[in-house]
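Enquirer: Mind having a look at this structure? Questions to follow.
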Amino acid sequence: MSNKYSRIIAGAMNWGVWGADLSTSEIAKLIEGCIDIGVTSFDHADIYGEHTTEKAWGDAWKNLNIDRENIQLISKCGIMRPSPQRPSIEKPHYDYSYQHIITSVETSLKNLNTDYLDMLLIHRPSPLMNPETIAKAIDHLKSSGKIRQFGVSNFTQNQVKLIQSQIPVEANQIEISPFYMDPFHDGTLDQCMTDNIIPMAWSPLGGGSMFKKISSPTLLAQRERLKAVADKYNWSLDEMTYYFILHHPAQIKVVTGSSKIERIKKAVDCYNGSITDAQWFEIWTAAKGEIVP
Ligand SMILES: NC(=O)c1ccc[n+]([C@@H]2O[C@H](COP(=O)([O-])OP(=O)(O)OC[C@H]3O[C@@H](n4cnc5c(N)ncnc54)[C@H](OP(=O)(O)O)[C@@H]3O)[C@@H](O)[C@H]2O)c1
């Protein structure tokens, strides 16, 4: 299941106004830092930063003297939310019409300062999505060279099959962390392995819940149990989590959320290390609060 994307993908969602709000030069430095440590793939979506983060990233990228073929750009489309950048959207909804998919990609390309996306993902499944319409839009985008590959995000097995009835699905970007382990058991990762779909894990640290102040007693207890395992092996909580996700045989790509190079590097270091199956189940048991049946 080899492919051109780096095993650790840098998620840019928190680089802009939804997170660290990095300056153009800080983003440029972070892009260079990622490439230096082998993180050549970058994850975007049209809506990040209320439609501002792709442009912030693209403004930084255009000043860098790096061959476009040396990096991979992933972006997403379809979530429609009212925002100052999109005043015509009145109510939150999804739009997977032919015209919207194409217009959204063209806007992403302009904002990212690039001619093509390596991968376009349908951001979230919609009850109203029509696989034939999506396939026509994707065929057009592929034949005009605007995207090279196509995938989905947050799709169940059946939703993937629905789209596969019309067009190959090459990736499924899904939430995976010790706080959210459903894909290990609900068939999503099995399908990735059988159908040669690249699995990408978003929010590997639970959107930061591994570290931030949390009030839910259930989540706190779960984190305490996880911390006990991490302490036993002298791992930090993020190291333990990256080992956990990377150990799975589906060869999951980790989409990091950090805006700090030293934290992204921890994921790379874990990819270069390993854990045992027994240690994986120790983490699983701590996350679940129960032993395997
Ligand atoms: N497809 C989808 O539906 C979807 C949904 C959500 C996200 N995503 C993608 O997945 C990426 C990752 O998601 P995420 O941002 O939720 O990932 P995450 O890694 O679970 O959380 C990132 C947050 O954790 C913090 N963090 C990381 N390491 C830390 C450490 N050692 N100590 C303290 N805080 C730490 C980061 O802050 P610092 O910046 O300060 O390190 C950041 O606020 C996004 O960037 C986006 O590209 C996709």
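To be explicit about the labels: the chains of the structure tokens are called A, B, and onward in the order shown, and within each one the residues are counted from 1, while ligands get numbers from 1 in the order they are shown.
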Just want the 12 Å neighbourhood of Leu219 (chain A), counted on only C-alpha atoms, with same-chain residues fewer than 5 positions away dropped. Output as a PyMOL selection string.

Expert: chain A and resi 178-180+206+209-214+224-226+286-289

Enquirer: Once DSSP has gone over the backbone, tell me which residues of region 147-248 of chain A are in strand (DSSP E or B), as a list of chain:residue names.

Expert: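 Matching residues, listed in order: A:Ile147, A:Arg148, A:Gln149, A:Phe150, A:Gly151, A:Val152, A:Ser153, A:Ala171, A:Asn172, A:Gln173, A:Ile174, A:Glu175, A:Ser177, A:Tyr180, A:Ile198, A:Pro199, A:Met200, A:Ala201, A:Trp202.
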
Enquirer: Could you turn the residues from that selection into a file that holds C-alpha atoms, as a compact mmCIF listing (two decimals), in the first residue's frame?

Expert:
# COMPACT_ATOMS: atom_id res chain seq x y z
CA ILE A 147 -6.77 17.19 -9.01
CA ARG A 148 -4.73 14.00 -9.21
CA GLN A 149 -6.55 11.79 -6.73
CA PHE A 150 -9.93 11.65 -5.04
CA GLY A 151 -11.09 10.46 -1.66
CA VAL A 152 -13.59 11.00 1.13
CA SER A 153 -13.59 11.95 4.78
CA ALA A 171 -8.47 7.77 0.74
CA ASN A 172 -10.76 8.02 3.75
CA GLN A 173 -9.76 10.63 6.33
CA ILE A 174 -11.36 9.67 9.63
CA GLU A 175 -11.13 10.52 13.31
CA SER A 177 -7.32 8.45 18.61
CA TYR A 180 -12.14 7.60 19.41
CA ILE A 198 -5.36 5.27 2.23
CA PRO A 199 -6.55 5.77 5.82
CA MET A 200 -5.70 9.17 7.33
CA ALA A 201 -6.28 9.83 11.05
CA TRP A 202 -7.49 13.30 12.02

Enquirer: Using 6 Å as the limit and counting only C-alpha atoms and all ligand atoms, can you tabulate each residue of chain A that touches ligand 1, with its shortest atom-to-atom distance in Å and the two atoms involved, as a tab-separated table?

Expert:
residue	atom	partner	partner_atom_place_in_ligand_line	distance
A:Gly11	CA	ligand 1	47 (O)	3.3
A:Ala12	CA	ligand 1	45 (O)	4.5
A:Met13	CA	ligand 1	45 (O)	3.8
A:Asn14	CA	ligand 1	45 (O)	5.6
A:Asp43	CA	ligand 1	47 (O)	4.7
A:His44	CA	ligand 1	47 (O)	5.5
A:His123	CA	ligand 1	1 (N)	5.9
A:Ser153	CA	ligand 1	1 (N)	5.2
A:Gln173	CA	ligand 1	1 (N)	5.4
A:Trp202	CA	ligand 1	10 (O)	3.8
A:Ser203	CA	ligand 1	20 (O)	3.3
A:Pro204	CA	ligand 1	20 (O)	4.3
A:Leu205	CA	ligand 1	20 (O)	3.3
A:Gly206	CA	ligand 1	20 (O)	4.1
A:Gly207	CA	ligand 1	16 (O)	3.2
A:Gly208	CA	ligand 1	24 (O)	3.3
A:Phe211	CA	ligand 1	33 (C)	5.1
A:Asp238	CA	ligand 1	31 (N)	5.9
A:Val255	CA	ligand 1	11 (C)	5.0
A:Thr256	CA	ligand 1	12 (C)	4.6
A:Gly257	CA	ligand 1	15 (O)	3.3
A:Ser258	CA	ligand 1	39 (O)	3.6
A:Ser259	CA	ligand 1	39 (O)	3.8
A:Lys260	CA	ligand 1	41 (O)	5.1
A:Arg263	CA	ligand 1	28 (N)	5.6

Enquirer: I want to know what sits within 8 Å of Ile197 (chain A), based on only C-alpha atoms, with residues of the same chain fewer than 2 positions away left out; could you give that as a ChimeraX atom specification?

Expert: /A:169-172,191-195,199

Enquirer: Please, what distance in Å, to one decimal, runs between CA of Asn111 (chain A) and CA of Gly58 (chain A)?

Expert: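 Taking CA of Asn111 (chain A) as the start and CA of Gly58 (chain A) as the end point, the length is 5.7 Å.
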
Enquirer: Skipping near chain neighbours, those fewer than 5 positions away, what residues fall within 10 Å of region 114-116 of chain A using only C-alpha atoms, listed as a PyMOL selection string?

Expert: chain A and resi 58+61-62+68+72-74+105-106+108-109+141-142+144-148

Enquirer: Apply DSSP to the structure's backbone, then extract all residues of region 95-256 of chain A labelled alpha helix (DSSP H) and return them as number ranges by chain.

Expert: A: 98-112, 131-143, 157-164, 182-185, 188-194, 217-232, 237-246

Enquirer: Deliver the residues from the most recent selection as a file, using C-alpha atoms, as a short mmCIF file (atom, residue, chain, number, x, y, z; two decimals), in the first residue's frame.

Expert:
data_model
loop_
_atom_site.label_atom_id
_atom_site.label_comp_id
_atom_site.auth_asym_id
_atom_site.auth_seq_id
_atom_site.Cartn_x
_atom_site.Cartn_y
_atom_site.Cartn_z
CA TYR A 98 -21.25 19.49 -9.78
CA GLN A 99 -20.75 23.24 -9.90
CA HIS A 100 -19.89 23.65 -6.23
CA ILE A 101 -17.25 20.89 -6.23
CA ILE A 102 -15.54 22.46 -9.23
CA THR A 103 -15.78 26.05 -7.99
CA SER A 104 -14.53 25.05 -4.55
CA VAL A 105 -11.44 23.31 -6.00
CA GLU A 106 -10.69 26.26 -8.27
CA THR A 107 -10.88 28.61 -5.26
CA SER A 108 -8.60 26.32 -3.22
CA LEU A 109 -6.06 26.24 -6.06
CA LYS A 110 -6.04 30.04 -6.26
CA ASN A 111 -5.71 30.42 -2.49
CA LEU A 112 -2.99 27.78 -2.16
CA PRO A 131 -22.53 9.53 -6.49
CA GLU A 132 -23.07 10.08 -10.23
CA THR A 133 -22.89 13.86 -9.86
CA ILE A 134 -19.78 13.60 -7.68
CA ALA A 135 -18.13 11.23 -10.19
CA LYS A 136 -18.81 13.61 -13.08
CA ALA A 137 -17.25 16.53 -11.19
CA ILE A 138 -14.23 14.44 -10.20
CA ASP A 139 -13.75 13.16 -13.76
CA HIS A 140 -13.77 16.74 -14.99
CA LEU A 141 -11.29 17.88 -12.31
CA LYS A 142 -8.98 14.95 -13.03
CA SER A 143 -9.06 15.31 -16.80
CA GLN A 157 -18.12 1.63 4.85
CA ASN A 158 -21.46 1.82 3.07
CA GLN A 159 -21.02 5.45 2.14
CA VAL A 160 -17.63 4.58 0.64
CA LYS A 161 -19.29 1.75 -1.32
CA LEU A 162 -21.91 4.16 -2.60
CA ILE A 163 -19.26 6.46 -4.09
CA GLN A 164 -17.17 3.47 -5.27
CA ASP A 182 -14.51 3.07 16.44
CA PRO A 183 -12.61 2.68 13.12
CA PHE A 184 -10.63 -0.21 14.66
CA HIS A 185 -13.87 -2.12 15.13
CA THR A 188 -13.72 1.25 8.25
CA LEU A 189 -10.05 0.27 8.47
CA ASP A 190 -10.77 -3.27 7.23
CA GLN A 191 -12.29 -1.71 4.13
CA CYS A 192 -9.24 0.52 3.66
CA MET A 193 -7.05 -2.59 3.68
CA THR A 194 -9.23 -4.69 1.36
CA PRO A 217 -14.98 12.96 34.62
CA THR A 218 -15.12 10.06 32.11
CA LEU A 219 -12.55 11.69 29.83
CA LEU A 220 -10.35 12.62 32.81
CA ALA A 221 -10.35 9.04 34.10
CA GLN A 222 -9.56 7.75 30.59
CA ARG A 223 -6.65 10.16 30.28
CA GLU A 224 -5.33 9.14 33.71
CA ARG A 225 -5.33 5.47 32.65
CA LEU A 226 -3.55 6.39 29.39
CA LYS A 227 -1.02 8.48 31.32
CA ALA A 228 -0.19 5.51 33.54
CA VAL A 229 0.71 3.44 30.45
CA ALA A 230 2.71 6.31 28.92
CA ASP A 231 4.62 6.80 32.20
CA LYS A 232 5.39 3.08 32.43
CA LEU A 237 1.09 11.15 25.89
CA ASP A 238 1.50 12.33 22.29
CA GLU A 239 4.31 9.83 21.63
CA MET A 240 2.16 7.02 23.01
CA THR A 241 -0.74 8.08 20.78
CA TYR A 242 1.36 8.30 17.62
CA TYR A 243 2.87 4.85 18.29
CA PHE A 244 -0.65 3.50 18.82
CA ILE A 245 -2.02 4.79 15.52
CA LEU A 246 1.09 4.04 13.45
#

Enquirer: Report, in Å to a single decimal, how far apart CA of Ile35 (chain A) and CA of Ser6 (chain A) are.

Expert: 9.8 Å

Enquirer: Work out how far apart CA of Lys265 (chain A) and CA of Asn65 (chain A) are and give it in Å to one decimal.

Expert: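 So the answer is 22.3 Å.
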
Enquirer: When distances are computed from only C-alpha atoms, which of A:Val39, A:Pro82, A:Tyr48, A:Ser97 shows the smallest separation from Asn70 (chain A)?

Expert: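 Closest residue, counting only C-alpha atoms: A:Val39.
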
Enquirer: I'd like to know which of A:Ala28, A:Val17, A:Ala250, A:Ile79 is closest to Gly49 (chain A), using only C-alpha atoms.

Expert: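 Of A:Ala28, A:Val17, A:Ala250, A:Ile79, the one nearest Gly49 (chain A), counting only C-alpha atoms, is A:Val17.
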
Enquirer: So that I can check the surroundings of Ser75 (chain A), please list as JSON, numbers by chain every protein, DNA and RNA residue that reaches within 7 Å of it, counting only C-alpha atoms and ignoring chain neighbours fewer than 5 positions away.

Expert: {"A": [43, 44, 45, 46, 119, 120, 121]}

Enquirer: Keeping only all heavy atoms, write those residues as a PDB file, in the first residue's frame.

Expert:
ATOM      1  N   ASP A  43      -2.336  18.968   4.860  1.00  0.00           N
ATOM      2  CA  ASP A  43      -3.791  18.786   4.815  1.00  0.00           C
ATOM      3  C   ASP A  43      -4.518  20.111   5.021  1.00  0.00           C
ATOM      4  O   ASP A  43      -4.281  20.813   6.004  1.00  0.00           O
ATOM      5  CB  ASP A  43      -4.228  17.788   5.905  1.00  0.00           C
ATOM      6  CG  ASP A  43      -5.704  17.478   5.820  1.00  0.00           C
ATOM      7  OD1 ASP A  43      -6.111  16.848   4.823  1.00  0.00           O
ATOM      8  OD2 ASP A  43      -6.470  17.876   6.731  1.00  0.00           O
ATOM      9  N   HIS A  44      -5.412  20.408   4.088  1.00  0.00           N
ATOM     10  CA  HIS A  44      -6.194  21.641   4.129  1.00  0.00           C
ATOM     11  C   HIS A  44      -7.665  21.318   3.971  1.00  0.00           C
ATOM     12  O   HIS A  44      -8.048  20.199   3.670  1.00  0.00           O
ATOM     13  CB  HIS A  44      -5.800  22.553   2.959  1.00  0.00           C
ATOM     14  CG  HIS A  44      -4.396  23.047   3.021  1.00  0.00           C
ATOM     15  ND1 HIS A  44      -4.046  24.176   3.703  1.00  0.00           N
ATOM     16  CD2 HIS A  44      -3.246  22.562   2.470  1.00  0.00           C
ATOM     17  CE1 HIS A  44      -2.741  24.379   3.576  1.00  0.00           C
ATOM     18  NE2 HIS A  44      -2.229  23.405   2.843  1.00  0.00           N
ATOM     19  N   ALA A  45      -8.497  22.370   4.110  1.00  0.00           N
ATOM     20  CA  ALA A  45      -9.904  22.309   3.698  1.00  0.00           C
ATOM     21  C   ALA A  45     -10.307  23.730   3.340  1.00  0.00           C
ATOM     22  O   ALA A  45      -9.768  24.691   3.916  1.00  0.00           O
ATOM     23  CB  ALA A  45     -10.783  21.762   4.810  1.00  0.00           C
ATOM     24  N   ASP A  46     -11.253  23.830   2.415  1.00  0.00           N
ATOM     25  CA  ASP A  46     -11.700  25.176   2.018  1.00  0.00           C
ATOM     26  C   ASP A  46     -12.130  26.006   3.230  1.00  0.00           C
ATOM     27  O   ASP A  46     -11.861  27.195   3.310  1.00  0.00           O
ATOM     28  CB  ASP A  46     -12.837  25.082   0.976  1.00  0.00           C
ATOM     29  CG  ASP A  46     -14.037  24.259   1.456  1.00  0.00           C
ATOM     30  OD1 ASP A  46     -13.908  23.539   2.470  1.00  0.00           O
ATOM     31  OD2 ASP A  46     -15.107  24.335   0.814  1.00  0.00           O
ATOM     32  N   MET A 119      -4.774  15.535  -3.827  1.00  0.00           N
ATOM     33  CA  MET A 119      -5.943  14.757  -3.381  1.00  0.00           C
ATOM     34  C   MET A 119      -7.068  15.712  -2.986  1.00  0.00           C
ATOM     35  O   MET A 119      -6.843  16.634  -2.203  1.00  0.00           O
ATOM     36  CB  MET A 119      -5.530  13.908  -2.162  1.00  0.00           C
ATOM     37  CG  MET A 119      -6.641  13.149  -1.479  1.00  0.00           C
ATOM     38  SD  MET A 119      -7.069  11.605  -2.295  1.00  0.00           S
ATOM     39  CE  MET A 119      -5.762  10.505  -1.756  1.00  0.00           C
ATOM     40  N   LEU A 120      -8.246  15.483  -3.547  1.00  0.00           N
ATOM     41  CA  LEU A 120      -9.449  16.199  -3.085  1.00  0.00           C
ATOM     42  C   LEU A 120     -10.295  15.221  -2.278  1.00  0.00           C
ATOM     43  O   LEU A 120     -10.529  14.091  -2.720  1.00  0.00           O
ATOM     44  CB  LEU A 120     -10.277  16.714  -4.271  1.00  0.00           C
ATOM     45  CG  LEU A 120     -11.621  17.312  -3.838  1.00  0.00           C
ATOM     46  CD1 LEU A 120     -11.435  18.667  -3.139  1.00  0.00           C
ATOM     47  CD2 LEU A 120     -12.593  17.454  -5.016  1.00  0.00           C
ATOM     48  N   LEU A 121     -10.759  15.666  -1.113  1.00  0.00           N
ATOM     49  CA  LEU A 121     -11.628  14.826  -0.291  1.00  0.00           C
ATOM     50  C   LEU A 121     -13.019  15.470  -0.177  1.00  0.00           C
ATOM     51  O   LEU A 121     -13.126  16.699  -0.016  1.00  0.00           O
ATOM     52  CB  LEU A 121     -11.062  14.680   1.126  1.00  0.00           C
ATOM     53  CG  LEU A 121      -9.633  14.143   1.282  1.00  0.00           C
ATOM     54  CD1 LEU A 121      -9.214  14.159   2.760  1.00  0.00           C
ATOM     55  CD2 LEU A 121      -9.525  12.721   0.731  1.00  0.00           C
TER      56      LEU A 121
END
